[in-house]
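Q: So that you have it, the file is model_25.txt, and it contains compact mmCIF, C-alpha atoms:
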```txt
# COMPACT_ATOMS: atom_id res chain seq x y z
CA MET A 1 -7.82 12.48 14.33
CA ARG A 2 -7.93 10.99 10.85
CA ARG A 3 -11.50 9.83 11.38
CA ILE A 4 -12.51 13.34 12.44
CA LEU A 5 -11.02 14.88 9.28
CA LEU A 6 -12.77 12.32 7.07
CA ALA A 7 -16.03 13.04 8.84
CA LEU A 8 -15.60 16.81 8.25
CA VAL A 9 -14.89 16.26 4.54
CA ALA A 10 -17.96 14.06 4.19
CA LEU A 11 -20.10 16.60 6.01
CA THR A 12 -18.83 19.45 3.80
CA THR A 13 -19.59 17.43 0.66
CA LEU A 14 -23.09 16.66 1.92
CA VAL A 15 -23.82 20.32 2.72
CA ALA A 16 -22.62 21.40 -0.72
CA ALA A 17 -24.81 18.78 -2.36
CA LEU A 18 -27.85 19.89 -0.39
CA ALA A 19 -27.19 23.54 -1.22
CA LEU A 20 -27.43 22.86 -4.95
CA PRO A 21 -30.85 22.43 -6.58
CA ASN A 22 -31.76 19.00 -7.87
CA GLY A 23 -29.42 18.12 -10.71
CA ALA A 24 -27.52 21.42 -10.51
CA ARG A 25 -23.93 21.61 -11.64
CA ALA A 26 -21.38 22.99 -9.23
CA ASP A 27 -19.96 25.12 -12.06
CA ASN A 28 -23.23 26.61 -13.34
CA ALA A 29 -22.00 30.10 -12.38
CA ASP A 30 -18.86 29.76 -14.52
CA LEU A 31 -18.69 30.84 -18.14
CA PRO A 32 -18.99 28.00 -20.68
CA GLU A 33 -15.70 26.47 -21.73
CA GLY A 34 -14.67 25.81 -25.28
CA VAL A 35 -16.54 28.82 -26.69
CA GLU A 36 -15.14 32.01 -28.17
CA LEU A 37 -15.25 35.01 -25.86
CA PRO A 38 -17.08 37.25 -25.58
CA LEU A 39 -19.98 34.86 -25.48
CA ARG A 40 -22.81 36.36 -27.49
CA VAL A 41 -26.27 36.40 -25.98
CA ARG A 42 -28.81 37.10 -28.70
CA LEU A 43 -31.85 39.04 -27.62
CA ALA A 44 -35.25 39.58 -29.22
CA LEU A 45 -38.06 41.69 -27.79
CA ARG A 46 -41.76 41.78 -28.48
CA ILE A 47 -43.84 44.61 -27.02
CA LEU A 48 -47.18 42.91 -26.52
CA ASP A 49 -48.88 45.96 -25.01
CA VAL A 50 -48.39 49.33 -23.34
CA THR A 51 -50.94 49.54 -20.57
CA GLU A 52 -50.05 52.89 -18.95
CA ILE A 53 -47.94 55.99 -19.54
CA LYS A 54 -47.27 58.57 -16.83
CA GLU A 55 -45.55 61.48 -18.56
CA VAL A 56 -45.06 63.63 -15.45
CA ALA A 57 -43.73 60.76 -13.30
CA GLY A 58 -41.60 59.42 -16.16
CA GLN A 59 -43.00 55.89 -15.98
CA ALA A 60 -44.50 53.42 -18.41
CA ARG A 61 -46.04 50.00 -17.86
CA LEU A 62 -45.32 47.44 -20.57
CA TYR A 63 -46.28 43.86 -21.25
CA VAL A 64 -43.27 42.31 -22.97
CA GLU A 65 -41.91 39.02 -24.24
CA LEU A 66 -38.12 38.67 -23.99
CA THR A 67 -36.25 35.93 -25.84
CA GLN A 68 -32.60 35.10 -25.04
CA ARG A 69 -30.40 32.68 -26.98
CA TRP A 70 -26.93 31.43 -26.13
CA ARG A 71 -24.83 28.29 -26.63
CA ASP A 72 -23.21 26.23 -23.87
CA PRO A 73 -21.36 23.02 -24.85
CA ARG A 74 -22.03 21.61 -21.38
CA ASP A 75 -25.75 21.42 -22.23
CA ARG A 76 -25.37 19.15 -25.25
CA PHE A 77 -27.22 15.86 -25.28
CA ASP A 78 -27.73 12.88 -27.55
CA ALA A 79 -30.76 13.61 -29.71
CA VAL A 80 -31.14 9.90 -30.59
CA ALA A 81 -31.16 8.84 -26.94
CA ALA A 82 -33.52 11.69 -26.02
CA GLY A 83 -35.80 10.91 -28.94
CA ALA A 84 -35.93 14.56 -30.07
CA PRO A 85 -33.46 17.25 -31.16
CA ARG A 86 -35.05 19.71 -28.74
CA ILE A 87 -36.52 19.52 -25.27
CA ASP A 88 -39.10 22.12 -24.24
CA ARG A 89 -39.84 23.02 -20.64
CA VAL A 90 -42.53 25.38 -19.36
CA GLY A 91 -43.42 26.90 -16.00
CA GLU A 92 -41.95 25.31 -12.87
CA ASP A 93 -40.17 22.67 -14.95
CA ALA A 94 -38.37 25.46 -16.81
CA GLN A 95 -37.49 27.23 -13.55
CA ARG A 96 -35.94 24.07 -12.12
CA PHE A 97 -33.98 23.48 -15.31
CA LEU A 98 -32.61 27.05 -15.31
CA GLN A 99 -31.20 26.44 -11.81
CA THR A 100 -29.10 23.59 -13.18
CA ILE A 101 -27.46 25.45 -16.10
CA TRP A 102 -25.45 28.58 -16.72
CA THR A 103 -27.47 31.69 -17.57
CA PRO A 104 -26.16 35.14 -18.58
CA GLY A 105 -28.24 36.95 -15.94
CA VAL A 106 -29.62 39.61 -18.28
CA VAL A 107 -31.55 42.34 -16.44
CA ILE A 108 -33.43 45.48 -17.47
CA ASP A 109 -31.67 48.38 -15.76
CA ASN A 110 -34.61 50.79 -15.76
CA GLN A 111 -37.19 48.31 -14.52
CA ILE A 112 -39.07 49.37 -11.37
CA GLY A 113 -39.78 46.62 -8.87
CA ASP A 114 -40.53 43.00 -9.60
CA PRO A 115 -42.45 41.91 -12.72
CA ASP A 116 -46.06 40.77 -12.55
CA GLY A 117 -47.46 37.63 -14.14
CA ARG A 118 -44.04 36.30 -15.17
CA THR A 119 -44.02 33.07 -17.17
CA VAL A 120 -40.91 31.27 -18.45
CA SER A 121 -40.29 28.62 -21.08
CA VAL A 122 -36.94 27.08 -22.03
CA SER A 123 -35.94 25.08 -25.09
CA SER A 124 -32.65 23.15 -24.96
CA HIS A 125 -31.21 21.93 -28.26
CA ALA A 126 -28.96 18.92 -28.79
CA ASP A 127 -26.08 21.16 -29.95
CA GLY A 128 -26.09 23.06 -26.62
CA GLU A 129 -28.17 26.06 -27.70
CA ILE A 130 -30.51 27.39 -25.01
CA VAL A 131 -33.57 29.51 -25.86
CA MET A 132 -35.27 31.18 -22.90
CA VAL A 133 -38.53 33.07 -23.35
CA GLU A 134 -39.92 35.29 -20.59
CA ARG A 135 -43.28 37.02 -20.68
CA PHE A 136 -44.15 39.55 -17.97
CA GLU A 137 -45.64 42.96 -17.18
CA ALA A 138 -43.62 45.60 -15.33
CA ASP A 139 -43.10 49.32 -14.75
CA PHE A 140 -40.12 51.11 -16.27
CA ARG A 141 -38.45 54.48 -15.75
CA VAL A 142 -38.56 56.43 -19.02
CA ALA A 143 -37.59 59.91 -20.14
CA THR A 144 -40.52 61.91 -21.50
CA ASP A 145 -40.60 65.22 -23.35
CA MET A 146 -43.87 67.15 -23.28
CA THR A 147 -42.62 70.27 -25.07
CA ALA A 148 -44.63 69.37 -28.18
CA PHE A 149 -47.88 68.26 -26.50
CA PRO A 150 -50.31 67.29 -28.00
CA PHE A 151 -48.17 66.69 -31.09
CA ASP A 152 -45.43 64.85 -29.20
CA ARG A 153 -43.69 61.58 -29.88
CA GLN A 154 -42.28 59.65 -26.97
CA LYS A 155 -39.45 57.12 -26.88
CA ILE A 156 -39.79 54.35 -24.31
CA GLN A 157 -36.34 52.85 -23.80
CA LEU A 158 -35.46 49.53 -22.18
CA SER A 159 -31.80 49.03 -21.21
CA PHE A 160 -30.63 45.40 -21.12
CA SER A 161 -27.32 44.45 -19.49
CA ALA A 162 -25.50 41.48 -17.95
CA PRO A 163 -24.06 42.94 -14.72
CA ARG A 164 -22.25 39.74 -13.69
CA TYR A 165 -19.85 39.75 -16.65
CA ALA A 166 -17.71 42.38 -18.37
CA LYS A 167 -18.20 42.97 -22.08
CA GLN A 168 -15.02 40.98 -22.76
CA GLU A 169 -16.86 37.95 -21.37
CA VAL A 170 -20.53 38.38 -22.35
CA LEU A 171 -21.86 40.54 -25.17
CA ILE A 172 -25.59 41.24 -25.62
CA VAL A 173 -26.49 41.55 -29.31
CA SER A 174 -29.53 41.64 -31.54
CA THR A 175 -28.96 40.20 -35.00
CA ASP A 176 -31.03 40.83 -38.11
CA ALA A 177 -32.94 37.63 -37.44
CA ASP A 178 -33.68 38.72 -33.87
CA ARG A 179 -34.80 42.15 -35.02
CA GLY A 180 -37.08 40.55 -37.55
CA PHE A 181 -38.67 38.56 -34.77
CA SER A 182 -38.91 41.63 -32.52
CA LYS A 183 -42.01 43.73 -33.02
CA VAL A 184 -44.62 45.84 -31.30
CA ALA A 185 -48.36 45.25 -31.23
CA ASP A 186 -50.40 47.13 -33.82
CA ARG A 187 -52.83 48.45 -31.20
CA LEU A 188 -52.04 49.46 -27.65
CA ALA A 189 -54.18 49.48 -24.53
CA VAL A 190 -53.29 53.10 -23.80
CA THR A 191 -55.71 55.45 -25.53
CA ASP A 192 -54.63 58.30 -27.78
CA TRP A 193 -51.32 56.64 -28.72
CA ARG A 194 -50.12 54.73 -31.78
CA PRO A 195 -46.88 52.69 -32.07
CA LEU A 196 -44.28 53.77 -34.63
CA GLY A 197 -41.60 51.10 -34.38
CA LEU A 198 -38.92 49.35 -32.35
CA ASP A 199 -35.18 50.04 -32.70
CA PHE A 200 -32.06 48.53 -31.13
CA ALA A 201 -28.68 50.08 -30.38
CA ASN A 202 -25.60 48.61 -28.71
CA GLY A 203 -23.79 50.46 -25.96
CA GLU A 204 -21.87 49.90 -22.77
CA ALA A 205 -22.18 50.77 -19.10
CA ALA A 206 -19.53 51.43 -16.47
CA GLY A 207 -19.51 48.98 -13.59
CA TRP A 208 -17.43 47.86 -10.63
CA ASN A 209 -13.65 48.29 -10.72
CA ALA A 210 -13.91 50.46 -13.85
CA ARG A 211 -15.06 47.48 -15.93
CA SER A 212 -17.26 48.03 -18.96
CA TYR A 213 -20.42 45.99 -19.35
CA SER A 214 -22.36 45.26 -22.50
CA ARG A 215 -25.69 47.05 -22.90
CA LEU A 216 -28.43 46.81 -25.49
CA GLU A 217 -30.92 49.66 -25.80
CA ALA A 218 -34.37 48.81 -27.16
CA THR A 219 -36.40 51.91 -28.02
CA LEU A 220 -40.13 51.89 -28.64
CA ALA A 221 -41.36 55.00 -30.47
CA ILE A 222 -44.99 56.00 -30.00
CA GLU A 223 -46.97 58.96 -31.30
CA ARG A 224 -49.85 60.77 -29.66
CA LEU A 225 -53.07 60.97 -31.68
CA SER A 226 -53.16 64.77 -31.76
CA GLU A 227 -56.33 64.99 -33.84
CA ARG A 228 -58.30 63.80 -30.82
CA TYR A 229 -57.27 66.89 -28.86
CA ILE A 230 -58.64 69.57 -31.20
CA LEU A 231 -62.15 69.57 -29.79
CA ARG A 232 -61.01 68.98 -26.21
CA ILE A 233 -58.31 71.67 -26.06
CA PHE A 234 -58.09 74.11 -28.96
CA ILE A 235 -61.79 74.87 -29.43
CA PRO A 236 -62.35 75.96 -25.76
CA ILE A 237 -59.27 78.23 -25.90
CA ALA A 238 -60.38 79.77 -29.19
CA ALA A 239 -63.88 80.36 -27.80
CA VAL A 240 -62.53 82.22 -24.77
CA LEU A 241 -60.12 84.37 -26.79
CA ALA A 242 -62.90 85.22 -29.27
CA VAL A 243 -64.39 87.47 -26.57
CA SER A 244 -61.74 90.03 -27.56
CA ILE A 245 -63.25 90.33 -31.05
CA TYR A 246 -66.64 91.11 -29.53
CA VAL A 247 -65.05 93.75 -27.29
CA LEU A 248 -63.20 95.36 -30.20
CA TRP A 249 -66.02 95.35 -32.75
CA ALA A 250 -69.36 95.30 -30.91
CA PRO A 251 -70.99 98.78 -30.93
CA GLY A 252 -72.63 100.36 -27.92
CA LEU A 253 -70.57 98.62 -25.23
CA GLY A 254 -69.49 100.77 -22.33
CA PRO A 255 -66.15 100.56 -20.51
CA THR A 256 -67.75 98.65 -17.65
CA ASP A 257 -69.23 96.07 -20.01
CA LYS A 258 -65.94 95.59 -21.82
CA GLY A 259 -64.00 95.29 -18.57
CA GLY A 260 -66.46 92.71 -17.27
CA LEU A 261 -66.15 90.65 -20.46
CA ILE A 262 -62.36 90.70 -20.42
CA PHE A 263 -62.09 89.77 -16.75
CA SER A 264 -64.62 86.98 -17.25
CA ALA A 265 -62.51 85.69 -20.14
CA LEU A 266 -59.39 85.79 -17.95
CA LEU A 267 -61.13 83.75 -15.28
CA ALA A 268 -62.40 81.29 -17.90
CA LEU A 269 -58.86 80.93 -19.26
CA ALA A 270 -57.54 80.23 -15.77
CA ALA A 271 -60.26 77.63 -15.22
CA ILE A 272 -59.40 75.98 -18.54
CA SER A 273 -55.72 75.72 -17.58
CA PHE A 274 -56.57 74.00 -14.28
CA THR A 275 -58.98 71.66 -16.06
CA PHE A 276 -56.40 70.76 -18.70
CA GLU A 277 -53.72 70.07 -16.10
CA SER A 278 -56.12 67.79 -14.26
CA SER A 279 -57.26 65.96 -17.39
CA PHE A 280 -53.89 65.86 -19.16
CA PRO A 281 -51.14 65.95 -16.48
CA GLY A 282 -48.13 67.93 -17.62
CA CYS A 283 -49.81 69.84 -20.45
CA ILE A 284 -49.58 73.11 -18.49
CA SER A 285 -46.81 72.57 -15.95
CA LEU A 286 -44.23 71.32 -18.48
CA ASN A 287 -44.21 74.37 -20.78
CA THR A 288 -46.09 72.78 -23.65
CA PRO A 289 -47.53 74.68 -26.65
CA ILE A 290 -50.90 74.67 -24.87
CA ALA A 291 -49.31 76.36 -21.84
CA GLN A 292 -47.65 78.93 -24.09
CA ILE A 293 -50.92 79.76 -25.86
CA ILE A 294 -52.78 80.17 -22.57
CA SER A 295 -50.01 82.37 -21.15
CA LEU A 296 -50.08 84.52 -24.28
CA GLY A 297 -53.86 84.63 -23.97
CA TYR A 298 -53.61 86.36 -20.59
CA VAL A 299 -51.32 89.02 -22.06
CA TYR A 300 -53.48 89.37 -25.17
CA LEU A 301 -56.74 89.92 -23.27
CA VAL A 302 -55.16 92.50 -20.98
CA ALA A 303 -53.60 94.24 -24.01
CA VAL A 304 -57.01 94.41 -25.72
CA LEU A 305 -58.60 95.99 -22.65
CA LEU A 306 -55.71 98.43 -22.22
CA PHE A 307 -55.78 99.41 -25.91
CA ASP A 308 -59.52 99.96 -25.90
CA SER A 309 -59.37 102.02 -22.68
CA LEU A 310 -56.58 104.30 -23.93
CA LEU A 311 -58.28 105.03 -27.26
CA GLY A 312 -61.81 105.08 -25.93
CA VAL A 313 -61.73 108.65 -24.57
CA PRO A 314 -60.33 110.56 -27.60
CA CYS A 315 -62.33 108.42 -30.02
CA GLY A 316 -65.52 109.26 -28.15
CA ARG A 317 -65.09 113.03 -28.63
CA PRO A 318 -65.89 114.06 -32.21
CA GLN A 319 -64.80 117.64 -31.52
CA SER A 320 -61.34 116.56 -30.43
CA PRO A 321 -58.50 117.09 -33.00
CA LEU A 322 -57.33 113.55 -32.21
CA HIS A 323 -60.67 112.01 -33.02
CA ARG A 324 -59.99 111.21 -36.66
CA PRO A 325 -56.46 109.71 -36.31
CA CYS A 326 -57.56 107.92 -33.14
CA ALA A 327 -60.55 106.36 -34.92
CA GLU A 328 -58.30 105.20 -37.76
CA ILE A 329 -55.80 103.67 -35.35
CA ARG A 330 -58.59 101.94 -33.51
CA ARG A 331 -60.05 100.56 -36.73
CA GLN A 332 -56.70 99.17 -37.84
CA MET A 333 -55.81 97.74 -34.44
CA SER A 334 -59.21 96.10 -34.06
CA TRP A 335 -58.25 93.55 -36.69
CA ALA A 336 -54.47 93.73 -36.22
CA LEU A 337 -54.49 92.55 -32.58
CA PRO A 338 -56.55 89.38 -33.25
CA ALA A 339 -54.50 88.73 -36.41
CA ILE A 340 -51.21 89.00 -34.49
CA MET A 341 -52.46 86.70 -31.74
CA THR A 342 -53.73 84.16 -34.27
CA THR A 343 -50.41 84.22 -36.16
CA ILE A 344 -48.42 83.70 -32.96
CA CYS A 345 -50.62 80.80 -31.86
CA LEU A 346 -50.36 79.15 -35.28
CA GLY A 347 -46.58 79.57 -35.13
CA VAL A 348 -46.46 77.87 -31.74
CA VAL A 349 -48.54 74.96 -33.06
CA LEU A 350 -46.58 74.60 -36.32
CA ARG A 351 -43.28 74.60 -34.45
CA ALA A 352 -44.53 71.72 -32.31
CA LEU A 353 -45.70 69.56 -35.23
CA PRO A 354 -43.53 66.47 -35.82
CA THR A 355 -41.20 66.63 -38.81
```
How does this structure look as structure tokens?

A:
Amino acid sequence: MRRILLALVALTTLVAALALPNGARADNADLPEGVELPLRVRLALRILDVTEIKEVAGQARLYVELTQRWRDPRDRFDAVAAGAPRIDRVGEDAQRFLQTIWTPGVVIDNQIGDPDGRTVSVSSHADGEIVMVERFEADFRVATDMTAFPFDRQKIQLSFSAPRYAKQEVLIVSTDADRGFSKVADRLAVTDWRPLGLDFANGEAAGWNARSYSRLEATLAIERLSERYILRIFIPIAAVLAVSIYVLWAPGLGPTDKGGLIFSALLALAAISFTFESSFPGCISLNTPIAQIISLGYVYLVAVLLFDSLLGVPCGRPQSPLHRPCAEIRRQMSWALPAIMTTICLGVVLRALPT
């Protein structure tokens, strides 16, 4: 019986040894000992590129470089015996080394799917400090606001957390030195956008058993290059609405001609809205200033036709007692209606401009 028990113990020890990666510690899932809690994991972020933004879907694709720093006394080594105060590992060598040590398990909460092209490098220092650098490309869920298109500014937020440990155990921070290292590329792959800056803010998230977990929010602010949209959006709309001035001021046009011009302008405005929505998804469906101007344009063109039709009959009869006041009203309204529409459109655009 004793031999059987010894054999079971030996078998259990062998299975446990085989289950661990080469050189792995059995306690690499436990928090480091001899350090002050919460253990601080320093984080720095570099936005290398923004390759795609889907405003309607609320997604963005980023190419990032994430740097994590922490200290674990169990990872100290003799710099003299090693021949260097720091040991660098890259690629598969770094992956194998990470399986043998404790890691904070930092994740990005709003990341969609697995990252692409992920590369890892690890630097272990003689005093036990570990520096892990990850570089990868991934999709992220982001909140977008199109109410100011094409003068909008978007904030792409990445939420970092350590879901394995409560904030009393592990705290994710970004110091002044880390923020100085964090930056965003001067030029982005996405067209019509420019980067404004990168900010960090600490927070917390609720987890299992009502425990609070540390969270670090990294926010990338970008601005749309609105000047590139003047020729593509505003000029076509202005050209279509200018038909109303021709209807109001051109002499010799009959009611049929004016009606045909207005209805043609309405159809052209509808075609423009479909074209804009196809070329710039969300610019019409998300109640942007462009959508408001086009909607007002429908009302304005119909109002011009209705106004001209109501005043056309009395103004066309010189013998009518209403001819003179009607002609004066028509003369005043012929410039007042376009002026009112222009003022409203300018107000919509000015309200959308960034402050």

Q: For A:Ile237, work out the shell of residues within 10 Å, counting all atoms listed in the file and skipping chain neighbours fewer than 3 positions away, then give it as a ChimeraX atom specification.

A: /A:231-234,240-242,265,268-269,272-273,290,293-294,297

Q: From the set A:Leu286, A:Pro195, A:Val302, A:Thr51, which residue has the shortest atom-to-atom contact distance to A:Phe263, counting all atoms listed in the file?

A: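 Checking each candidate against A:Phe263, we get A:Val302 as the closest.
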
Q: Compare A:Ala218, A:Val247, A:Cys326, A:Ile87 by their minimum atom-to-atom distance to A:Ile156, counting only C-alpha atoms, and give me the closest one.

A: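 Selected residue with least distance to A:Ile156: A:Ala218.
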
Q: Give me the residues within 8 Å of stretch 39-50 of chain A as a compact mmCIF listing (two decimals) with C-alpha atoms, keeping the file's coordinate frame, counting only C-alpha atoms and dropping any in the same chain fewer than 6 places off.

A:
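Final file, around.txt:
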```txt
# COMPACT_ATOMS: atom_id res chain seq x y z
CA ALA A 60 -44.50 53.42 -18.41
CA ARG A 61 -46.04 50.00 -17.86
CA LEU A 62 -45.32 47.44 -20.57
CA TYR A 63 -46.28 43.86 -21.25
CA VAL A 64 -43.27 42.31 -22.97
CA GLU A 65 -41.91 39.02 -24.24
CA LEU A 66 -38.12 38.67 -23.99
CA THR A 67 -36.25 35.93 -25.84
CA GLN A 68 -32.60 35.10 -25.04
CA ARG A 69 -30.40 32.68 -26.98
CA TRP A 70 -26.93 31.43 -26.13
CA PRO A 104 -26.16 35.14 -18.58
CA GLU A 169 -16.86 37.95 -21.37
CA VAL A 170 -20.53 38.38 -22.35
CA LEU A 171 -21.86 40.54 -25.17
CA ILE A 172 -25.59 41.24 -25.62
CA VAL A 173 -26.49 41.55 -29.31
CA SER A 174 -29.53 41.64 -31.54
CA THR A 175 -28.96 40.20 -35.00
CA ASP A 178 -33.68 38.72 -33.87
CA ARG A 179 -34.80 42.15 -35.02
CA PHE A 181 -38.67 38.56 -34.77
CA SER A 182 -38.91 41.63 -32.52
CA LYS A 183 -42.01 43.73 -33.02
CA VAL A 184 -44.62 45.84 -31.30
CA ALA A 185 -48.36 45.25 -31.23
CA ARG A 187 -52.83 48.45 -31.20
CA LEU A 188 -52.04 49.46 -27.65
CA ALA A 189 -54.18 49.48 -24.53
CA VAL A 190 -53.29 53.10 -23.80
```

Q: Hey, which of A:Ile262, A:Met333, A:Met146, A:Leu158 ends up closest to A:Glu55? Count all atoms listed in the file.

A: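 The closest residue to A:Glu55 is A:Met146.
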
Q: Considering only C-alpha atoms, can you say which of A:Ala239, A:Ala148, A:Ala270, A:Val90 comes closest to A:Val348?

A: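 Using only C-alpha atoms, A:Val348 sits closest to A:Ala148.
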
Q: Using only C-alpha atoms, which of the listed residues (A:Glu137, A:Lys54, A:Gly128, A:Ile235) sits closest to A:Pro115?

A: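 Using only C-alpha atoms, the shortest distance to A:Pro115 belongs to A:Glu137.
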
Q: Using only C-alpha atoms for the distances, tell me which of A:Glu36, A:Arg194, A:Asp114, A:Arg74 is nearest to A:Thr100.

A: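 Checking each candidate against A:Thr100, we get A:Arg74 as the closest.
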
Q: Reconstruct N, CA and C atoms of stretch 104-121 of chain A; output as a CSV table (one decimal), in the coordinates of the input.

A:
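Everything below was put into selection_22.csv:
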```csv
chain,number,residue,atom,x,y,z
A,104,PRO,N,-26.9,33.9,-18.5
A,104,PRO,CA,-26.2,35.1,-18.6
A,104,PRO,C,-26.6,36.2,-17.5
A,105,GLY,N,-27.8,36.0,-16.9
A,105,GLY,CA,-28.2,37.0,-15.9
A,105,GLY,C,-28.6,38.3,-16.5
A,106,VAL,N,-29.2,38.3,-17.7
A,106,VAL,CA,-29.6,39.6,-18.3
A,106,VAL,C,-30.7,40.3,-17.5
A,107,VAL,N,-30.6,41.6,-17.2
A,107,VAL,CA,-31.6,42.3,-16.4
A,107,VAL,C,-31.9,43.6,-17.2
A,108,ILE,N,-33.0,44.2,-16.9
A,108,ILE,CA,-33.4,45.5,-17.5
A,108,ILE,C,-33.1,46.6,-16.4
A,109,ASP,N,-32.2,47.4,-16.7
A,109,ASP,CA,-31.7,48.4,-15.8
A,109,ASP,C,-32.7,49.4,-15.3
A,110,ASN,N,-33.6,49.8,-16.1
A,110,ASN,CA,-34.6,50.8,-15.8
A,110,ASN,C,-36.0,50.2,-15.4
A,111,GLN,N,-36.0,48.9,-15.0
A,111,GLN,CA,-37.2,48.3,-14.5
A,111,GLN,C,-37.4,48.7,-13.1
A,112,ILE,N,-38.7,49.0,-12.7
A,112,ILE,CA,-39.1,49.4,-11.4
A,112,ILE,C,-39.8,48.2,-10.7
A,113,GLY,N,-39.2,47.7,-9.6
A,113,GLY,CA,-39.8,46.6,-8.9
A,113,GLY,C,-39.7,45.3,-9.6
A,114,ASP,N,-40.5,44.3,-9.0
A,114,ASP,CA,-40.5,43.0,-9.6
A,114,ASP,C,-41.6,42.9,-10.7
A,115,PRO,N,-41.4,42.1,-11.7
A,115,PRO,CA,-42.4,41.9,-12.7
A,115,PRO,C,-43.7,41.2,-12.2
A,116,ASP,N,-44.8,41.4,-12.9
A,116,ASP,CA,-46.1,40.8,-12.6
A,116,ASP,C,-46.4,39.7,-13.6
A,117,GLY,N,-47.0,38.6,-13.2
A,117,GLY,CA,-47.5,37.6,-14.1
A,117,GLY,C,-46.4,37.0,-15.0
A,118,ARG,N,-45.2,36.8,-14.4
A,118,ARG,CA,-44.0,36.3,-15.2
A,118,ARG,C,-44.2,34.8,-15.5
A,119,THR,N,-44.0,34.5,-16.7
A,119,THR,CA,-44.0,33.1,-17.2
A,119,THR,C,-42.7,32.8,-18.0
A,120,VAL,N,-42.2,31.6,-17.8
A,120,VAL,CA,-40.9,31.3,-18.4
A,120,VAL,C,-41.1,29.9,-19.2
A,121,SER,N,-40.4,29.9,-20.3
A,121,SER,CA,-40.3,28.6,-21.1
A,121,SER,C,-38.9,28.5,-21.6
```
